[in-house]
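Just below is one structure, and these are the notes that go with it.
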Amino acid sequence: MDCPKCGYRISEPSLSSCARCGIVFSKFGRRRPAMAPGRGTGARASPRRSTISSLFNVALLSTALSAAGLVVLRSRQAPPKSTEPPASEPAQDGNGLSDGVPVSPDPTPQAETMIISRDSLPSVSLGPGPVREAESHPVPNLPPLTERSVSPSLLDLAIRVAGDHPDSERVRAYVVQAHLLLSSAEVRSRRFHEALRYLDGAEAWGASPADIATYRAVVYGHQERWEMAERWARAALAYGSEESAEMHHLIGKAHYFREELDKAVEAFEKALAIGEDPRHRASLEAALRDARNASSFDQKRLSHFIVSYEGETMEDTGRLVLDTMERSYASLVSQLGFEPSQPVVVVLYSRRSYTDMGGPHWSAGYFDGKIRIPVQGLSSLDGPIRSTLHHELAHAFIHVRAGTNAPRWLHEGLAQYVEGTDGERLGPMLAKQINDGKTFESCLVTTRCDVRLFYPASSSIVDYLIRLRGMGGVRDLLKHLGEGADIDSALRRLTGKDQYELIREWQHFVKRRHS
């Protein structure tokens with residue numbers, strides 16, 4: 001029996017509803033079995049012709065058996081099923097990701113727990129559960145499917161087998177599972193564009209809408225594209241996602257970065273009501289801390305900014321800051337070639353409140369998805385303060401465009417460039433460091449070095465990149481990163497080199513030019 005809505009093949013007549021889409025099908029008649037994507041449906045033989053063909057085949061088989069004996073018959077039969085018990089679920093590896101249950105030759109596959117988030121562990125239903133198939137031809141055994149064994153070539157093999165055996169739900173579930181495992185691997189490698197491409201493939205092969213929405217929400221959450229993450233998280237909840245706690249958490253993050261703190265607290269509390277999670281708890285505490293401060297804050301919502309500041313005593317200062325940031329906003333739109341689709345959140349603090357919120361006492365501001373700046377006591381904005389505002393707003397622009405794929409050296413170097421820092425004048429100091437044996441690969445990529453070297457090196461290498469490809473090239477780089485490319489792929493597309501090769505080339509340039 002086949003589901004009249006989605007075409008899913010049901011081999012157990014005792015079932016009264018479709019295991020894939022949930023429709024009650026006992027009231028409906030049969031329909032033609034579903035085909036695998038990409039396969040057409042041929043013309044069906046007439047009953048009379050089918051009967052004649054069947055009789056001819058029986059006679060031919062009888063003759064062959066008489067002539068060749070039982071050895072031929074045994075060679076045509078499917079290989080005997082293994083009597084060994086199914087492999088037990090392996091222990092988790094160091095990053096907390098389960099290898100899952102291998103897909104065995106037995107036609108009763110089990111669903112596997114799929115993980116694509118760094119910390120959350122969204123489990124995904126990969127199929128309709130145990131299914132007994134009446135297959136006209138034996139389905140070839142596919143290798144056990146785990147996070148370590150999956151590969152694009154294995155997926156291609158599974159798709160070919162599924163094309164040859166369109167009625168096999170086991171193979172279809174295997175193809176879906178392979179797509180989702182590959183998507184998980186791409187997320188861990190921060191290749192979000194490829195992760196979404198594999199999700200498209202999983203959807204085409206019949207992954208459940210709840211799983212697809214859940215995975216997409218998590219991918220966009222990794223990119224900190226909160227508007228898209230919220231949209232897919234709400235869809236996942238509507239479909240009945242098993243990962244409802246993580247979906248509420250993503251919705252809360254979207255509210256938090258829109259400065260809708262009451263709604264953020266509500267969403268985080270819903271997530272924690274489902275189950276305790278240290279990430280969700282930390283998000284709730286941050287939202288509550290912001291909300292306590294916001295109780296004494298005034299807020300202005302403008303076309304480009306959502307600005308919060310501490311009451312009337314800072315209103316004049318807040319107006320000065322806003323005027324400056326509006327001019328910076330127009331300048332950055334011109335320099336970077338795009339405009340954020342959502343208002344940028346700016347929070348203005350007294351120095352004490354700024355430190356209480358985690359701002360380093362030596363800093364003039366920082367960006368963590370919101371621009372946070374201590375400004376109390378300022379009666380005017382001098383050059384350094386204006387530069388700080390422009391610098392932090394540049395971080396917001398870069399974050400909006402490139403998501404979390406922009407490395408720190410690109411963030412800081414580009415923010416310094418648009419702020420007006422001259423990377424050329426830093427050359428002699430950097431050349432001396434290089435001549436003394438200093439290499440900047442680890443410093444720039446990991447940021448584990450003295451900030452007195454990291455910031456000048458970041459500024460200089462971005463200045464060098466602009467020399468090579470111009471500001472238009474940097475715009476393209478940010479665009480590729482925002483589309484999900486990792487930094488090495490985006491740089492190869494722009495310069496033909498990954499970031500390590502670019503850093504070595506830049507070091508050679510600095511040494512030759514300034515030594």
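Chain labels run A, B, ... following the order of the structure tokens; each chain numbers its residues from 1, and ligands are numbered from 1 in the order shown.
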
Using only C-alpha atoms, which residues sit within 10 Å of stretch 471-476 of chain A once same-chain residues fewer than 6 positions away are excluded, as a short mmCIF file (atom, residue, chain, number, x, y, z; two decimals) with all heavy atoms, in the first residue's frame?
```cif
data_model
loop_
_atom_site.label_atom_id
_atom_site.label_comp_id
_atom_site.auth_asym_id
_atom_site.auth_seq_id
_atom_site.Cartn_x
_atom_site.Cartn_y
_atom_site.Cartn_z
N GLN A 335 31.83 53.27 1.51
CA GLN A 335 33.09 52.54 1.46
C GLN A 335 32.90 51.04 1.24
O GLN A 335 33.63 50.42 0.45
CB GLN A 335 33.88 52.75 2.76
CG GLN A 335 34.49 54.14 2.91
CD GLN A 335 35.18 54.30 4.25
OE1 GLN A 335 34.54 54.29 5.30
NE2 GLN A 335 36.49 54.45 4.22
N LEU A 336 31.95 50.44 1.94
CA LEU A 336 31.78 48.99 1.91
C LEU A 336 30.74 48.52 0.90
O LEU A 336 30.64 47.33 0.62
CB LEU A 336 31.43 48.47 3.31
CG LEU A 336 32.49 48.76 4.39
CD1 LEU A 336 32.03 48.23 5.75
CD2 LEU A 336 33.83 48.12 4.01
N GLY A 337 29.95 49.44 0.39
CA GLY A 337 29.06 49.10 -0.72
C GLY A 337 27.80 48.36 -0.35
O GLY A 337 27.20 47.69 -1.19
N PHE A 338 27.35 48.45 0.90
CA PHE A 338 26.07 47.83 1.28
C PHE A 338 25.53 48.54 2.50
O PHE A 338 26.23 49.33 3.15
CB PHE A 338 26.24 46.34 1.56
CG PHE A 338 26.92 46.05 2.88
CD1 PHE A 338 26.18 45.79 4.02
CD2 PHE A 338 28.30 46.04 2.97
CE1 PHE A 338 26.81 45.54 5.23
CE2 PHE A 338 28.95 45.79 4.17
CZ PHE A 338 28.19 45.54 5.30
N ILE A 398 30.77 44.94 9.17
CA ILE A 398 31.47 43.72 8.74
C ILE A 398 30.73 42.48 9.23
O ILE A 398 30.58 41.49 8.50
CB ILE A 398 32.93 43.73 9.26
CG1 ILE A 398 33.70 44.90 8.64
CG2 ILE A 398 33.62 42.41 8.95
CD1 ILE A 398 35.01 45.20 9.36
N ARG A 401 27.63 41.82 7.19
CA ARG A 401 27.92 41.35 5.83
C ARG A 401 28.53 39.96 5.81
O ARG A 401 28.15 39.12 4.99
CB ARG A 401 28.88 42.32 5.14
CG ARG A 401 29.08 42.06 3.66
CD ARG A 401 27.79 42.20 2.90
NE ARG A 401 27.99 42.47 1.49
CZ ARG A 401 27.01 42.52 0.60
NH1 ARG A 401 25.76 42.32 1.01
NH2 ARG A 401 27.26 42.77 -0.67
N ALA A 402 29.49 39.70 6.69
CA ALA A 402 30.27 38.46 6.62
C ALA A 402 29.89 37.44 7.69
O ALA A 402 30.41 36.33 7.67
CB ALA A 402 31.76 38.78 6.74
N LEU A 410 40.88 40.26 9.84
CA LEU A 410 40.15 41.01 8.81
C LEU A 410 39.23 42.04 9.47
O LEU A 410 39.14 43.19 9.00
CB LEU A 410 39.34 40.04 7.95
CG LEU A 410 38.53 40.67 6.82
CD1 LEU A 410 39.43 41.43 5.84
CD2 LEU A 410 37.72 39.60 6.07
N LEU A 414 40.31 45.87 8.76
CA LEU A 414 39.40 46.67 7.95
C LEU A 414 38.78 47.80 8.75
O LEU A 414 38.59 48.92 8.24
CB LEU A 414 38.31 45.76 7.36
CG LEU A 414 37.38 46.37 6.32
CD1 LEU A 414 38.17 47.03 5.19
CD2 LEU A 414 36.43 45.31 5.76
N VAL A 462 45.66 44.10 5.76
CA VAL A 462 44.47 44.56 5.04
C VAL A 462 44.84 45.65 4.04
O VAL A 462 44.34 45.68 2.90
CB VAL A 462 43.38 45.04 6.02
CG1 VAL A 462 42.28 45.80 5.28
CG2 VAL A 462 42.79 43.85 6.78
N ASP A 463 45.76 46.53 4.45
CA ASP A 463 46.26 47.54 3.52
C ASP A 463 46.91 46.87 2.30
O ASP A 463 46.72 47.30 1.16
CB ASP A 463 47.27 48.43 4.24
CG ASP A 463 47.73 49.59 3.38
OD1 ASP A 463 46.94 50.54 3.21
OD2 ASP A 463 48.88 49.55 2.89
N LEU A 465 46.21 43.82 1.15
CA LEU A 465 45.14 43.18 0.39
C LEU A 465 44.44 44.19 -0.51
O LEU A 465 44.09 43.89 -1.66
CB LEU A 465 44.14 42.53 1.37
CG LEU A 465 43.03 41.67 0.77
CD1 LEU A 465 43.59 40.49 -0.02
CD2 LEU A 465 42.12 41.16 1.90
N GLY A 482 29.90 36.11 3.71
CA GLY A 482 28.51 36.16 4.14
C GLY A 482 27.66 35.09 3.49
O GLY A 482 26.64 34.67 4.05
N ALA A 490 37.35 31.85 0.37
CA ALA A 490 37.06 33.20 -0.13
C ALA A 490 38.34 33.88 -0.61
O ALA A 490 38.34 34.56 -1.65
CB ALA A 490 36.38 34.03 0.96
N LEU A 491 39.43 33.71 0.12
CA LEU A 491 40.70 34.33 -0.29
C LEU A 491 41.25 33.69 -1.56
O LEU A 491 41.79 34.38 -2.44
CB LEU A 491 41.73 34.23 0.83
CG LEU A 491 41.61 35.25 1.96
CD1 LEU A 491 42.59 34.92 3.08
CD2 LEU A 491 41.84 36.67 1.46
N ARG A 493 39.52 32.46 -3.92
CA ARG A 493 38.70 32.99 -5.02
C ARG A 493 39.15 34.40 -5.40
O ARG A 493 39.10 34.79 -6.57
CB ARG A 493 37.23 33.00 -4.58
CG ARG A 493 36.24 33.32 -5.66
CD ARG A 493 34.84 33.00 -5.17
NE ARG A 493 33.83 33.35 -6.15
CZ ARG A 493 32.53 33.13 -5.99
NH1 ARG A 493 32.11 32.55 -4.88
NH2 ARG A 493 31.67 33.47 -6.93
N LEU A 494 39.61 35.16 -4.42
CA LEU A 494 39.99 36.55 -4.66
C LEU A 494 41.45 36.68 -5.08
O LEU A 494 41.76 37.45 -6.01
CB LEU A 494 39.76 37.38 -3.39
CG LEU A 494 40.04 38.88 -3.48
CD1 LEU A 494 39.06 39.55 -4.43
CD2 LEU A 494 39.96 39.51 -2.09
N THR A 495 42.35 35.93 -4.43
CA THR A 495 43.79 36.13 -4.65
C THR A 495 44.52 34.88 -5.14
O THR A 495 45.69 34.97 -5.52
CB THR A 495 44.48 36.57 -3.34
OG1 THR A 495 44.44 35.49 -2.40
CG2 THR A 495 43.78 37.77 -2.73
#
```

Just list the residues in stretch 239-372 of chain A DSSP gives strand (DSSP E or B) on the backbone, as an MDAnalysis selection string. chainID A and resid 298:301 305:309 344:349 366:367 371:372

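Remark: for A:Gly383, the closest of the candidate residues A:Val219, A:Leu272, A:Thr324, A:Leu332 is A:Thr324 (distances computed over only C-alpha atoms).
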
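In this comparison, which uses only C-alpha atoms, the residue of A:Lys263, A:His390, A:His280, A:Arg225 approaching A:Leu322 most closely is A:His390.
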
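Between atom CA of A:Asp200 and atom CA of A:Tyr215 the interatomic distance comes to 10.8 Å.
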
Go through stretch 194-301 of chain A and flag each residue having an atom no more than 10 Å from stretch 363-378 of chain A; for those, report the closest pair of atoms plus their distance in Å to one decimal, using only C-alpha atoms, ordered by chain and rising number, as a tab-separated table.
```
residue	atom	partner	partner_atom	distance
A:Glu224	CA	A:Gly369	CA	8.8
A:Tyr256	CA	A:Gly369	CA	9.5
A:Phe257	CA	A:Gly369	CA	6.6
A:Arg258	CA	A:Lys370	CA	9.0
A:Glu259	CA	A:Lys370	CA	8.9
```

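By chain and then residue number, the residues within 8 Å of stretch 210-212 of chain A are Val124, Ser125, Leu199, Ala202, Glu203, Arg216, Ala235, Ala236, Leu237, Tyr239, Gly240 and Ser241 of chain A, counting only C-alpha atoms and disregarding those fewer than 4 positions away in sequence.
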
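Within 12 Å of A:Arg452, once only C-alpha atoms are used and residues closer than 3 positions along the same chain are dropped, the contacting residues are A:Leu426, A:Met429, A:Leu430, A:Gln433, A:Cys443, A:Thr447, A:Arg448, A:Cys449, A:Tyr455, A:Pro456, A:Ala457, A:Ser458, A:Ser459.
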
Next, the residues of the selection above should be written as a PDB file, in the first residue's frame with N, CA, C and O atoms.
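Here's the written file part01.pdb:
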```
ATOM      1  N   LEU A 426      53.182  51.669   9.445  1.00  0.00           N
ATOM      2  CA  LEU A 426      53.502  50.604  10.392  1.00  0.00           C
ATOM      3  C   LEU A 426      54.558  49.654   9.842  1.00  0.00           C
ATOM      4  O   LEU A 426      55.077  48.802  10.561  1.00  0.00           O
ATOM      5  N   MET A 429      58.271  49.165  11.604  1.00  0.00           N
ATOM      6  CA  MET A 429      58.246  48.418  12.857  1.00  0.00           C
ATOM      7  C   MET A 429      58.007  46.931  12.603  1.00  0.00           C
ATOM      8  O   MET A 429      58.664  46.053  13.199  1.00  0.00           O
ATOM      9  N   LEU A 430      57.076  46.615  11.681  1.00  0.00           N
ATOM     10  CA  LEU A 430      56.784  45.219  11.384  1.00  0.00           C
ATOM     11  C   LEU A 430      57.957  44.545  10.681  1.00  0.00           C
ATOM     12  O   LEU A 430      58.265  43.377  10.938  1.00  0.00           O
ATOM     13  N   GLN A 433      60.466  43.446  13.177  1.00  0.00           N
ATOM     14  CA  GLN A 433      60.036  42.226  13.846  1.00  0.00           C
ATOM     15  C   GLN A 433      60.306  41.003  12.969  1.00  0.00           C
ATOM     16  O   GLN A 433      60.784  39.970  13.444  1.00  0.00           O
ATOM     17  N   CYS A 443      50.120  34.474  14.985  1.00  0.00           N
ATOM     18  CA  CYS A 443      49.616  35.698  15.611  1.00  0.00           C
ATOM     19  C   CYS A 443      48.306  36.151  14.969  1.00  0.00           C
ATOM     20  O   CYS A 443      47.331  36.438  15.655  1.00  0.00           O
ATOM     21  N   THR A 447      45.220  34.927  16.938  1.00  0.00           N
ATOM     22  CA  THR A 447      45.192  36.136  17.781  1.00  0.00           C
ATOM     23  C   THR A 447      45.911  35.918  19.109  1.00  0.00           C
ATOM     24  O   THR A 447      45.761  36.741  20.016  1.00  0.00           O
ATOM     25  N   ARG A 448      46.679  34.848  19.229  1.00  0.00           N
ATOM     26  CA  ARG A 448      47.405  34.582  20.484  1.00  0.00           C
ATOM     27  C   ARG A 448      48.766  35.253  20.428  1.00  0.00           C
ATOM     28  O   ARG A 448      49.797  34.600  20.260  1.00  0.00           O
ATOM     29  N   CYS A 449      48.755  36.537  20.515  1.00  0.00           N
ATOM     30  CA  CYS A 449      50.009  37.288  20.505  1.00  0.00           C
ATOM     31  C   CYS A 449      49.746  38.652  21.134  1.00  0.00           C
ATOM     32  O   CYS A 449      48.605  39.014  21.419  1.00  0.00           O
ATOM     33  N   TYR A 455      47.379  44.285  16.268  1.00  0.00           N
ATOM     34  CA  TYR A 455      46.641  45.365  15.615  1.00  0.00           C
ATOM     35  C   TYR A 455      47.434  45.993  14.459  1.00  0.00           C
ATOM     36  O   TYR A 455      46.885  46.188  13.373  1.00  0.00           O
ATOM     37  N   PRO A 456      48.724  46.305  14.634  1.00  0.00           N
ATOM     38  CA  PRO A 456      49.473  46.826  13.489  1.00  0.00           C
ATOM     39  C   PRO A 456      49.566  45.824  12.341  1.00  0.00           C
ATOM     40  O   PRO A 456      49.460  46.206  11.164  1.00  0.00           O
ATOM     41  N   ALA A 457      49.773  44.543  12.658  1.00  0.00           N
ATOM     42  CA  ALA A 457      49.865  43.534  11.603  1.00  0.00           C
ATOM     43  C   ALA A 457      48.539  43.406  10.867  1.00  0.00           C
ATOM     44  O   ALA A 457      48.505  43.291   9.628  1.00  0.00           O
ATOM     45  N   SER A 458      47.420  43.435  11.588  1.00  0.00           N
ATOM     46  CA  SER A 458      46.103  43.360  10.952  1.00  0.00           C
ATOM     47  C   SER A 458      45.889  44.540  10.015  1.00  0.00           C
ATOM     48  O   SER A 458      45.397  44.385   8.893  1.00  0.00           O
ATOM     49  N   SER A 459      46.248  45.719  10.482  1.00  0.00           N
ATOM     50  CA  SER A 459      46.095  46.915   9.656  1.00  0.00           C
ATOM     51  C   SER A 459      46.945  46.825   8.398  1.00  0.00           C
ATOM     52  O   SER A 459      46.500  47.128   7.291  1.00  0.00           O
TER      53      SER A 459
END
```

Looking at A:Ser168, A:Gln416, A:Gln299, A:Gln177, which one is nearest to A:Pro144, with distances taken over only C-alpha atoms? A:Gln177
